[in-house]
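The file entry.cif comes next; it holds mmCIF, C-alpha atoms.
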data_structure
loop_
_atom_site.label_atom_id
_atom_site.label_comp_id
_atom_site.auth_asym_id
_atom_site.auth_seq_id
_atom_site.Cartn_x
_atom_site.Cartn_y
_atom_site.Cartn_z
CA ARG A 1 -152.59 71.79 -74.49
CA ALA A 2 -149.29 69.96 -74.01
CA ALA A 3 -147.60 73.11 -72.80
CA GLN A 4 -150.37 73.69 -70.31
CA GLU A 5 -150.55 70.19 -68.85
CA LEU A 6 -146.90 69.01 -68.94
CA SER A 7 -144.34 71.29 -67.39
CA GLY A 8 -141.18 71.63 -69.51
CA VAL A 9 -142.74 70.35 -72.75
CA PRO A 10 -142.71 73.05 -75.49
CA PRO A 11 -145.90 73.75 -77.43
CA GLY A 12 -146.32 71.97 -80.69
CA ALA A 13 -145.74 68.49 -81.95
CA VAL A 14 -142.48 66.50 -81.62
CA PRO A 15 -141.49 63.92 -84.29
CA ILE A 16 -141.26 60.34 -83.09
CA PRO A 17 -137.98 58.43 -83.76
CA ALA A 18 -139.43 55.22 -85.12
CA VAL A 19 -138.44 51.85 -86.52
CA LEU A 20 -140.33 50.47 -89.55
CA GLU A 21 -140.70 46.72 -89.86
CA GLU A 22 -142.46 44.74 -92.58
CA ILE A 23 -145.41 42.70 -91.38
CA SER A 24 -144.95 39.03 -92.18
CA GLY A 25 -147.64 37.68 -94.53
CA HIS A 26 -148.90 41.15 -95.50
CA PRO A 27 -146.88 42.49 -98.43
CA GLY A 28 -146.62 46.25 -98.50
CA MET A 29 -147.67 46.67 -94.89
CA VAL A 30 -145.29 47.85 -92.18
CA SER A 31 -145.46 48.28 -88.43
CA ILE A 32 -144.18 51.48 -86.91
CA LYS A 33 -142.57 51.15 -83.50
CA PRO A 34 -141.00 53.97 -81.48
CA SER A 35 -137.28 53.44 -80.96
CA ALA A 36 -137.42 54.88 -77.44
CA PRO A 37 -140.01 54.91 -74.63
CA LEU A 38 -142.61 57.62 -75.18
CA ILE A 39 -143.41 60.13 -72.51
CA PRO A 40 -146.70 62.04 -72.38
CA GLY A 41 -146.94 64.77 -74.99
CA LEU A 42 -147.97 65.86 -78.48
CA TYR A 43 -146.30 63.97 -81.36
CA LEU A 44 -146.18 63.96 -85.12
CA LEU A 45 -146.23 60.73 -87.09
CA ALA A 46 -146.42 60.99 -90.90
CA ASN A 47 -147.42 64.66 -90.48
CA HIS A 48 -150.38 63.70 -88.30
CA PRO A 49 -150.37 65.07 -84.75
CA PHE A 50 -151.58 62.88 -81.91
CA TRP A 51 -151.57 62.99 -78.12
CA ILE A 52 -149.93 60.49 -75.77
CA GLY A 53 -151.76 60.64 -72.49
CA ARG A 54 -149.99 60.55 -69.15
CA ALA A 55 -152.08 57.74 -67.72
CA VAL A 56 -151.47 55.44 -70.67
CA VAL A 57 -147.70 56.00 -70.65
CA PHE A 58 -147.34 55.57 -66.93
CA SER A 59 -149.42 52.41 -66.97
CA ASN A 60 -147.31 50.92 -69.76
CA LEU A 61 -144.02 51.94 -68.15
CA LYS A 62 -145.03 50.63 -64.75
CA GLY A 63 -146.09 47.34 -66.28
CA SER A 64 -142.83 47.04 -68.20
CA ALA A 65 -140.80 47.92 -65.08
CA ALA A 66 -142.61 45.28 -63.04
CA GLY A 67 -142.08 42.73 -65.80
CA ALA A 68 -138.36 43.53 -66.00
CA LEU A 69 -138.08 43.18 -62.21
CA HIS A 70 -139.78 39.79 -62.38
CA GLU A 71 -137.31 38.71 -65.07
CA ARG A 72 -134.42 39.98 -62.90
CA ASN A 73 -133.51 42.47 -65.61
CA TRP A 74 -132.46 44.91 -62.94
CA LEU A 75 -131.19 47.84 -64.95
CA ARG A 76 -134.15 47.86 -67.37
CA ALA A 77 -136.59 47.87 -64.44
CA TYR A 78 -134.62 50.67 -62.79
CA SER A 79 -134.44 52.83 -65.94
CA MET A 80 -138.19 52.53 -66.59
CA ALA A 81 -139.00 53.41 -63.01
CA GLN A 82 -136.74 56.45 -63.32
CA VAL A 83 -138.69 57.63 -66.40
CA VAL A 84 -141.94 57.47 -64.45
CA LEU A 85 -140.42 59.34 -61.53
CA GLN A 86 -139.35 62.17 -63.81
CA PHE A 87 -142.98 63.06 -64.28
CA ALA A 88 -144.52 61.63 -61.16
CA GLN A 89 -142.11 62.30 -58.35
CA ASN A 90 -142.35 60.04 -55.30
CA ASP A 91 -144.67 57.61 -57.06
CA PRO A 92 -144.95 54.97 -54.31
CA GLU A 93 -145.04 52.01 -56.70
CA MET A 94 -141.88 53.07 -58.49
CA VAL A 95 -140.06 54.05 -55.29
CA GLN A 96 -140.77 50.58 -53.93
CA LEU A 97 -139.75 49.01 -57.24
CA ILE A 98 -136.38 50.77 -57.12
CA ASN A 99 -135.90 49.50 -53.57
CA ASP A 100 -136.74 46.01 -54.81
CA VAL A 101 -134.25 46.39 -57.67
CA TYR A 102 -131.51 47.37 -55.23
CA ALA A 103 -132.33 44.46 -52.90
CA GLY A 104 -132.36 42.10 -55.87
CA LEU A 105 -128.94 43.28 -57.02
CA ILE A 106 -127.45 42.82 -53.55
CA GLN A 107 -129.00 39.36 -53.35
CA ALA A 108 -127.67 38.49 -56.82
CA ALA A 109 -124.20 39.77 -55.88
CA ASN A 110 -124.15 37.61 -52.74
CA ALA A 111 -125.37 34.58 -54.66
CA ALA A 112 -122.64 35.07 -57.28
CA LYS A 113 -120.09 35.46 -54.50
CA GLY A 114 -121.25 32.20 -52.93
CA ALA A 115 -120.88 30.50 -56.31
CA ARG A 116 -117.40 32.05 -56.72
CA ASP A 117 -118.62 33.92 -59.78
CA TRP A 118 -116.42 36.90 -59.03
CA SER A 119 -117.13 38.78 -62.27
CA GLY A 120 -120.87 38.47 -61.76
CA ALA A 121 -120.66 39.47 -58.11
CA THR A 122 -118.61 42.55 -59.00
CA LEU A 123 -121.05 43.54 -61.77
CA TYR A 124 -124.12 43.30 -59.53
CA ALA A 125 -122.45 45.19 -56.69
CA LYS A 126 -121.41 48.00 -59.05
CA GLN A 127 -124.97 48.21 -60.43
CA ALA A 128 -126.29 48.43 -56.88
CA LEU A 129 -123.93 51.35 -56.25
CA GLU A 130 -125.35 53.13 -59.31
CA ILE A 131 -128.72 53.09 -57.55
CA ARG A 132 -127.40 53.98 -54.08
CA GLN A 133 -124.03 55.65 -54.13
CA PHE A 134 -121.76 54.94 -51.14
CA ASP A 135 -124.17 52.30 -49.84
CA PRO A 136 -122.27 50.24 -47.21
CA SER A 137 -123.63 46.86 -48.33
CA ALA A 138 -122.51 47.28 -51.95
CA THR A 139 -119.25 48.97 -50.92
CA SER A 140 -118.49 46.12 -48.52
CA LEU A 141 -119.08 43.58 -51.29
CA LEU A 142 -116.74 45.39 -53.68
CA ASP A 143 -114.11 45.46 -50.95
CA GLU A 144 -114.53 41.77 -50.08
CA ILE A 145 -114.72 40.23 -53.58
CA PRO A 146 -111.07 40.86 -54.69
CA PHE A 147 -109.79 39.35 -51.42
CA LEU A 148 -111.99 36.24 -51.67
CA ARG A 149 -111.06 35.86 -55.33
CA ALA A 150 -107.33 36.02 -54.55
CA GLU A 151 -107.75 33.40 -51.80
CA GLN A 152 -109.73 31.05 -54.04
CA GLU A 153 -107.31 31.40 -56.96
CA CYS A 154 -104.40 30.75 -54.57
CA GLU A 155 -106.03 27.56 -53.28
CA ASP A 156 -106.80 26.38 -56.82
CA ALA A 157 -103.22 27.06 -57.92
CA MET A 158 -101.81 25.16 -54.94
CA ALA A 159 -104.05 22.20 -55.72
CA ALA A 160 -102.66 22.25 -59.26
CA ARG A 161 -99.10 22.71 -57.89
CA GLN A 162 -98.78 25.97 -59.79
CA TRP A 163 -96.66 27.45 -57.04
CA GLU A 164 -95.63 30.70 -58.71
CA VAL A 165 -99.28 31.65 -59.35
CA ALA A 166 -100.25 30.52 -55.85
CA LYS A 167 -97.52 32.66 -54.30
CA GLN A 168 -98.61 35.74 -56.28
CA LYS A 169 -102.27 35.30 -55.29
CA ALA A 170 -101.38 34.70 -51.64
CA GLU A 171 -99.28 37.85 -51.55
CA LEU A 172 -102.16 39.80 -53.12
CA ALA A 173 -104.59 38.48 -50.50
CA THR A 174 -102.15 39.47 -47.74
CA GLN A 175 -101.82 42.97 -49.20
CA LEU A 176 -105.59 43.37 -49.33
CA ARG A 177 -106.04 42.16 -45.74
CA PRO A 178 -102.71 42.20 -43.86
CA SER A 179 -104.20 41.00 -40.56
CA ASP A 180 -106.23 38.09 -41.96
CA SER A 181 -105.00 34.82 -40.46
CA HIS A 182 -106.19 32.62 -43.32
CA ALA A 183 -104.39 34.80 -45.87
CA ALA A 184 -101.23 34.59 -43.76
CA THR A 185 -101.50 30.79 -43.67
CA LEU A 186 -101.98 30.65 -47.45
CA ARG A 187 -98.91 32.83 -47.93
CA ILE A 188 -96.79 30.46 -45.83
CA GLU A 189 -98.05 27.38 -47.65
CA ALA A 190 -97.74 28.91 -51.13
CA SER A 191 -94.29 30.42 -50.48
CA PHE A 192 -93.01 27.16 -48.99
CA GLY A 193 -94.42 25.20 -51.92
CA PHE A 194 -92.83 27.58 -54.41
CA ASP A 195 -89.35 27.48 -52.85
CA LYS A 196 -89.58 23.74 -52.17
CA GLY A 197 -90.53 22.99 -55.77
CA THR A 198 -87.86 25.32 -57.13
CA ALA A 199 -85.21 23.81 -54.84
CA GLU A 200 -86.12 20.26 -55.91
CA SER A 201 -86.14 21.18 -59.61
CA ALA A 202 -82.82 23.00 -59.36
CA PHE A 203 -81.26 20.07 -57.50
CA ALA A 204 -82.47 17.61 -60.15
CA ASN A 205 -80.86 19.82 -62.82
CA GLY A 206 -77.55 20.15 -60.98
CA GLN A 207 -78.09 23.83 -60.13
CA TRP A 208 -76.71 23.46 -56.63
CA SER A 209 -76.44 27.13 -55.70
CA SER A 210 -80.03 27.89 -56.73
CA SER A 211 -81.25 24.76 -54.96
CA SER A 212 -79.46 25.75 -51.75
CA SER A 213 -80.83 29.29 -51.89
CA HIS A 214 -84.45 28.21 -52.37
CA ALA A 215 -84.19 25.43 -49.79
CA ARG A 216 -82.91 27.96 -47.26
CA GLU A 217 -85.82 30.28 -48.16
CA ALA A 218 -88.30 27.42 -47.77
CA LEU A 219 -86.94 26.76 -44.28
CA THR A 220 -87.81 30.33 -43.26
CA PHE A 221 -91.47 29.31 -43.68
CA LYS A 222 -91.24 25.77 -42.29
CA ASN A 223 -88.13 25.30 -40.23
CA ASP A 224 -89.16 21.81 -39.16
CA SER A 225 -89.16 20.35 -42.68
CA SER A 226 -86.64 17.51 -42.57
CA GLU A 227 -86.96 17.12 -46.33
CA MET A 228 -85.85 20.73 -46.91
CA TRP A 229 -83.02 20.43 -44.40
CA ASP A 230 -81.75 17.41 -46.33
CA ILE A 231 -81.90 19.20 -49.69
CA TYR A 232 -80.32 22.30 -48.17
CA GLU A 233 -77.39 20.34 -46.73
CA ARG A 234 -76.79 18.33 -49.89
CA SER A 235 -77.14 21.23 -52.30
CA THR A 236 -75.00 23.53 -50.14
CA PHE A 237 -72.25 20.91 -49.94
CA LEU A 238 -72.35 20.26 -53.69
CA SER A 239 -72.42 23.99 -54.41
CA LEU A 240 -69.33 24.59 -52.26
CA LEU A 241 -67.58 21.62 -53.84
CA GLN A 242 -68.36 22.99 -57.30
CA VAL A 243 -66.97 26.40 -56.32
CA ALA A 244 -63.82 24.70 -55.06
CA LYS A 245 -63.41 22.73 -58.29
CA ASN A 246 -64.04 25.79 -60.45
CA GLY A 247 -61.59 27.85 -58.42
CA LEU A 248 -58.96 25.15 -58.77
CA SER A 249 -59.41 24.92 -62.55
CA ASP A 250 -59.47 28.73 -62.92
CA GLY A 251 -56.44 29.27 -60.71
CA LYS A 252 -58.47 31.10 -58.05
CA LEU A 253 -56.90 29.13 -55.23
CA ASP A 254 -57.94 31.40 -52.37
CA SER A 255 -61.66 31.06 -53.05
CA ALA A 256 -61.16 27.38 -53.91
CA LEU A 257 -59.50 26.68 -50.57
CA GLU A 258 -62.18 28.57 -48.64
CA ALA A 259 -64.96 26.69 -50.42
CA SER A 260 -63.30 23.30 -49.86
CA GLN A 261 -62.88 24.05 -46.15
CA SER A 262 -66.57 24.97 -45.87
CA ALA A 263 -67.58 21.82 -47.75
CA LEU A 264 -65.51 19.65 -45.39
CA LYS A 265 -67.15 21.23 -42.38
CA LEU A 266 -70.42 19.83 -43.70
CA ARG A 267 -68.99 16.42 -44.66
CA PRO A 268 -65.59 15.93 -43.02
CA THR A 269 -65.00 12.44 -44.45
CA ASP A 270 -66.23 12.97 -48.00
CA ASN A 271 -63.61 11.49 -50.31
CA ASP A 272 -64.37 13.81 -53.21
CA ALA A 273 -64.07 16.91 -51.02
CA LEU A 274 -60.83 15.64 -49.46
CA ALA A 275 -59.38 14.94 -52.90
CA VAL A 276 -60.29 18.44 -54.11
CA GLN A 277 -58.72 20.04 -51.07
CA ARG A 278 -55.53 18.00 -51.51
CA ALA A 279 -55.34 19.16 -55.12
CA ILE A 280 -55.85 22.79 -54.03
CA VAL A 281 -53.14 22.60 -51.35
CA ASN A 282 -50.81 20.90 -53.79
CA ALA A 283 -51.40 23.71 -56.30
CA ILE A 284 -50.72 26.27 -53.61
CA SER A 285 -47.50 24.52 -52.59
CA GLN A 286 -46.28 24.80 -56.17
CA SER A 287 -47.22 28.49 -56.47
CA PRO A 288 -44.96 30.67 -54.30
CA ASN A 289 -47.19 33.65 -54.89
CA TYR A 290 -49.86 31.93 -52.79
CA TYR A 291 -47.73 31.03 -49.76
CA GLY A 292 -48.52 34.13 -47.76
CA LYS A 293 -52.23 33.94 -48.54
CA PHE A 294 -52.27 30.27 -47.62
CA PHE A 295 -50.62 31.01 -44.28
CA ARG A 296 -53.16 33.70 -43.54
CA SER A 297 -55.95 31.27 -44.34
CA ILE A 298 -54.53 28.63 -41.99
CA GLN A 299 -53.81 31.21 -39.36
CA THR A 300 -57.35 32.55 -39.48
CA THR A 301 -59.15 29.22 -39.51
CA LEU A 302 -56.87 26.94 -37.51
CA MET A 303 -53.95 28.60 -35.76
CA PRO A 304 -54.75 32.18 -34.78
CA GLN A 305 -52.09 32.01 -32.04
CA ASN A 306 -49.28 31.70 -34.60
CA ASP A 307 -47.90 34.45 -36.80
CA PHE A 308 -46.26 32.98 -39.89
CA GLN A 309 -43.44 35.07 -41.23
CA HIS A 310 -41.54 33.10 -43.85
CA GLY A 311 -43.84 30.81 -45.81
CA ILE A 312 -44.17 27.10 -46.57
CA ALA A 313 -40.97 25.21 -47.29
CA ASN A 314 -42.57 21.87 -48.04
CA VAL A 315 -46.03 20.26 -48.14
CA ALA A 316 -46.88 16.56 -47.94
CA PHE A 317 -49.96 14.39 -47.61
CA SER A 318 -50.29 11.23 -45.60
CA GLY A 319 -50.85 8.06 -47.56
CA ASN A 320 -54.47 7.77 -46.44
CA GLY A 321 -55.13 11.38 -47.40
CA SER A 322 -56.33 12.44 -43.97
CA LEU A 323 -53.34 14.55 -42.91
CA LEU A 324 -51.55 17.51 -44.45
CA GLY A 325 -48.01 18.20 -43.22
CA LEU A 326 -46.62 21.74 -43.45
CA ALA A 327 -42.89 22.30 -43.15
CA THR A 328 -42.31 25.97 -42.35
CA HIS A 329 -39.60 28.15 -40.92
CA ASP A 330 -41.86 28.59 -37.91
CA GLY A 331 -42.33 24.91 -37.23
CA LEU A 332 -43.90 21.63 -38.27
CA TYR A 333 -47.69 21.50 -38.44
CA LEU A 334 -50.04 18.62 -39.08
CA TRP A 335 -53.46 19.58 -40.36
CA ASN A 336 -56.33 17.07 -40.07
CA LEU A 337 -58.15 17.62 -43.35
CA SER A 338 -61.23 15.69 -42.31
CA ALA A 339 -61.88 17.63 -39.12
CA ASN A 340 -60.16 20.89 -40.14
CA THR A 341 -58.18 20.90 -36.88
CA LEU A 342 -54.52 21.26 -35.91
CA LEU A 343 -53.09 18.07 -34.41
CA SER A 344 -49.78 19.43 -33.15
CA SER A 345 -46.74 21.52 -34.01
CA ARG A 346 -43.02 21.75 -33.21
CA VAL A 347 -41.30 25.09 -33.01
CA GLY A 348 -38.19 25.35 -35.11
CA SER A 349 -37.18 25.74 -38.74
CA ILE A 350 -38.32 22.76 -40.83
CA ASP A 351 -37.42 22.45 -44.50
CA TYR A 352 -38.65 19.00 -45.46
CA LEU A 353 -41.15 16.42 -44.33
CA GLU A 354 -42.40 13.06 -45.56
CA PHE A 355 -45.02 10.59 -44.34
CA SER A 356 -44.38 6.89 -44.05
CA PRO A 357 -46.34 4.70 -46.50
CA ASP A 358 -48.66 3.49 -43.73
CA SER A 359 -49.27 7.07 -42.50
CA THR A 360 -48.16 6.20 -38.95
CA LYS A 361 -44.94 8.24 -39.00
CA VAL A 362 -43.68 11.52 -40.36
CA PHE A 363 -40.03 12.34 -41.04
CA ALA A 364 -39.01 16.01 -40.72
CA GLU A 365 -35.62 17.63 -41.38
CA SER A 366 -34.06 21.05 -41.02
CA LEU A 367 -31.47 21.86 -43.65
CA THR A 368 -31.01 25.61 -43.33
CA GLU A 369 -30.34 25.77 -39.61
CA MET A 370 -28.89 22.25 -39.33
CA THR A 371 -31.03 21.54 -36.29
CA GLY A 372 -31.30 17.90 -37.24
CA ALA A 373 -33.88 15.38 -38.35
CA PHE A 374 -36.90 14.13 -36.48
CA LEU A 375 -39.08 11.05 -36.70
CA PHE A 376 -42.54 11.31 -35.20
CA ASN A 377 -45.00 8.55 -34.47
CA ILE A 378 -48.54 9.68 -35.28
CA THR A 379 -50.59 8.37 -32.39
CA ASN A 380 -52.99 10.70 -30.69
CA GLY A 381 -51.04 13.64 -32.09
CA ILE A 382 -47.27 13.64 -32.49
CA ALA A 383 -44.76 12.03 -30.20
CA VAL A 384 -40.99 12.25 -30.68
#

What does the file become when written as structure tokens?
Amino acid sequence: RAAQELSGVPPGAVPIPAVLEEISGHPGMVSIKPSAPLIPGLYLLANHPFWIGRAVVFSNLKGSAAGALHERNWLRAYSMAQVVLQFAQNDPEMVQLINDVYAGLIQAANAAKGARDWSGATLYAKQALEIRQFDPSATSLLDEIPFLRAEQECEDAMAARQWEVAKQKAELATQLRPSDSHAATLRIEASFGFDKGTAESAFANGQWSSSSSHAREALTFKNDSSEMWDIYERSTFLSLLQVAKNGLSDGKLDSALEASQSALKLRPTDNDALAVQRAIVNAISQSPNYYGKFFRSIQTTLMPQNDFQHGIANVAFSGNGSLLGLATHDGLYLWNLSANTLLSSRVGSIDYLEFSPDSTKVFAESLTEMTGAFLFNITNGIAV
């Protein structure tokens, strides 16, 4: 009879996978419950055959599906409706129920998205796609959720001043939607906050080079930040000054001189920078191996019109530390250390020079060519 009435069901009885449970208050009595939904057919239970009618099964399954839908147990409602449709194709109640399940999942996904429950929204959207593959509504949700999540996590991280996390999330949002203006704004804010915070922390810890680098990077996002310009200028100056000091102590006088010159361009009257440069020049004057390099440095930065051939004969500083006098076989040169400019020069071989104690005069003398001695008043340059 089963074979005749149910297509695909073999003749004969089929054992029921069942679960036995003791009945509370009735010792020795058990209840027997099937472990899976029963479909119409002929079954054996304790060697006794019995028939499960189609109408009874469908009624039970439809009732359970409707109950699961009411409880918003979407997948259970869907699976029960699918069982019915295996034996009653195009059953209008179950077709409508599946449509309701899909609509409920989309609604639940949107509600979870509105509540920023990203995991829940993703789960519901994926379940909706299991019912309708490639459906645009569910596909659009799955495309939108990662972007919205990245934006929200970026904003939360910025509020907590967790700049590294904020920067990562902003970059992810930008990758997901390169043309989105809000994501671009978040990236600017997060990147600026990250570099600003790193620059400030590095400055507080005396890491001048790192502070300068991050301050410069922060300015690429907000060029009008006076606070970052201030940190950039201070950290760059201190970084150059540190390079100059390290070069002086390590005997790397070329790099030390270059760094001190750059530092003085930023702060021409800084006493510390002037003192470091005087120490560097003094070290150079006592190291003949550096004469030629020193000339080339001066020639490149200050006096490109002159071609030094012989080297420095004598070096002296004015008493106030603002002037450097160079006695060379090509002439006498006064270098303004504060402004990094050449005041004046006199062509001729000079072997020795000395400043007066009040720094208003400089005495110069030629010994090798016997061209004489000179006394210059230092007023608006040099006057004989």

Next item on the list: Might you pull out every residue within 9 Å of Ser64 in chain A, with only C-alpha atoms counted and same-chain residues fewer than 4 positions away left off, and present them as a list in words?
Entry: Ser59, Asn60, Ala68, Leu69, Arg76, Ala77 and Met80 of chain A

Item checked: range 219-222 of chain A surroundings by only C-alpha atoms, 10 Å radius, close-in-sequence under 5 positions cut, as a PyMOL selection string -> chain A and resi 187-193+195-196+214+227-229+232

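Using all atoms listed in the file, the shortest contact distance between Leu20 in chain A and any of A:Pro268, A:Gly251, A:Pro34, A:Pro357 is found at A:Pro34.
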
Notebook entry, point to check: For the atom pair CA of Tyr78 in chain A and CA of Leu61 in chain A, what is the interatomic distance in Å to one decimal place?
Noted result: 10.9 Å

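The nearest approach to Ser260 in chain A among the residues A:Ala273, A:Leu85, A:Leu248, A:Leu332, with only C-alpha atoms taken into account, belongs to A:Ala273.
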
Next item on the list: For each of A:Phe237, A:Lys167, A:Asp180, A:Ser225, take the minimum atom-to-atom distance to Ser212 in chain A, counting all atoms listed in the file, then give the residue where this is smallest.
Entry: A:Phe237

Notebook entry, point to check: Residues picked by the PyMOL selection byres ((chain A and resi 207) around 12) here, as a list of chain:residue names?
Noted result: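 With the PyMOL selection byres ((chain A and resi 207) around 12) on this model, the match is A:Thr198, A:Ala199, A:Glu200, A:Ser201, A:Ala202, A:Phe203, A:Ala204, A:Asn205, A:Gly206, A:Trp208, A:Ser209, A:Ser210, A:Ser211, A:Ser212, A:Ser213, A:His214, A:Arg234, A:Ser235, A:Thr236, A:Leu238, A:Ser239, A:Leu240, A:Gln242.
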
Write a file for range 265-273 of chain A of the given structure; include all heavy atoms and format it as a compact mmCIF listing (two decimals), in the first residue's frame.
# COMPACT_ATOMS: atom_id res chain seq x y z
N LYS A 265 69.82 77.22 10.27
CA LYS A 265 68.87 77.82 9.34
C LYS A 265 67.50 77.91 9.98
O LYS A 265 66.72 78.84 9.70
CB LYS A 265 68.81 77.01 8.05
CG LYS A 265 70.04 77.15 7.17
CD LYS A 265 69.91 76.33 5.90
CE LYS A 265 71.14 76.47 5.03
NZ LYS A 265 71.05 75.63 3.81
N LEU A 266 67.18 76.94 10.84
CA LEU A 266 65.89 76.97 11.53
C LEU A 266 65.90 77.95 12.69
O LEU A 266 64.91 78.64 12.93
CB LEU A 266 65.54 75.57 12.04
CG LEU A 266 65.26 74.50 10.97
CD1 LEU A 266 65.05 73.13 11.62
CD2 LEU A 266 64.03 74.88 10.15
N ARG A 267 67.02 78.00 13.42
CA ARG A 267 67.13 78.89 14.59
C ARG A 267 68.51 79.55 14.56
O ARG A 267 69.46 79.09 15.21
CB ARG A 267 66.94 78.10 15.89
CG ARG A 267 65.56 77.52 16.03
CD ARG A 267 65.36 76.88 17.40
NE ARG A 267 64.04 76.32 17.55
CZ ARG A 267 63.59 75.74 18.66
NH1 ARG A 267 64.37 75.67 19.74
NH2 ARG A 267 62.37 75.23 18.71
N PRO A 268 68.63 80.63 13.81
CA PRO A 268 69.95 81.25 13.59
C PRO A 268 70.62 81.75 14.87
O PRO A 268 71.85 81.85 14.90
CB PRO A 268 69.65 82.40 12.64
CG PRO A 268 68.36 82.03 11.99
CD PRO A 268 67.60 81.29 13.02
N THR A 269 69.88 82.08 15.89
CA THR A 269 70.48 82.68 17.09
C THR A 269 70.52 81.71 18.27
O THR A 269 70.79 82.14 19.40
CB THR A 269 69.70 83.94 17.50
OG1 THR A 269 68.34 83.58 17.78
CG2 THR A 269 69.73 84.98 16.39
N ASP A 270 70.24 80.45 18.03
CA ASP A 270 70.23 79.49 19.14
C ASP A 270 71.65 79.30 19.69
O ASP A 270 72.56 78.91 18.95
CB ASP A 270 69.66 78.15 18.67
CG ASP A 270 69.49 77.17 19.81
OD1 ASP A 270 68.44 77.19 20.46
OD2 ASP A 270 70.43 76.38 20.04
N ASN A 271 71.82 79.57 20.95
CA ASN A 271 73.16 79.50 21.55
C ASN A 271 73.74 78.10 21.54
O ASN A 271 74.94 77.91 21.30
CB ASN A 271 73.11 80.02 22.99
CG ASN A 271 72.84 81.51 23.06
OD1 ASN A 271 73.24 82.26 22.14
ND2 ASN A 271 72.16 81.97 24.09
N ASP A 272 72.91 77.11 21.79
CA ASP A 272 73.39 75.73 21.80
C ASP A 272 73.88 75.33 20.42
O ASP A 272 74.96 74.73 20.26
CB ASP A 272 72.27 74.80 22.26
CG ASP A 272 72.80 73.42 22.66
OD1 ASP A 272 74.03 73.26 22.77
OD2 ASP A 272 71.97 72.50 22.87
N ALA A 273 73.10 75.67 19.38
CA ALA A 273 73.49 75.32 18.02
C ALA A 273 74.76 76.06 17.60
O ALA A 273 75.64 75.49 16.94
CB ALA A 273 72.36 75.64 17.05
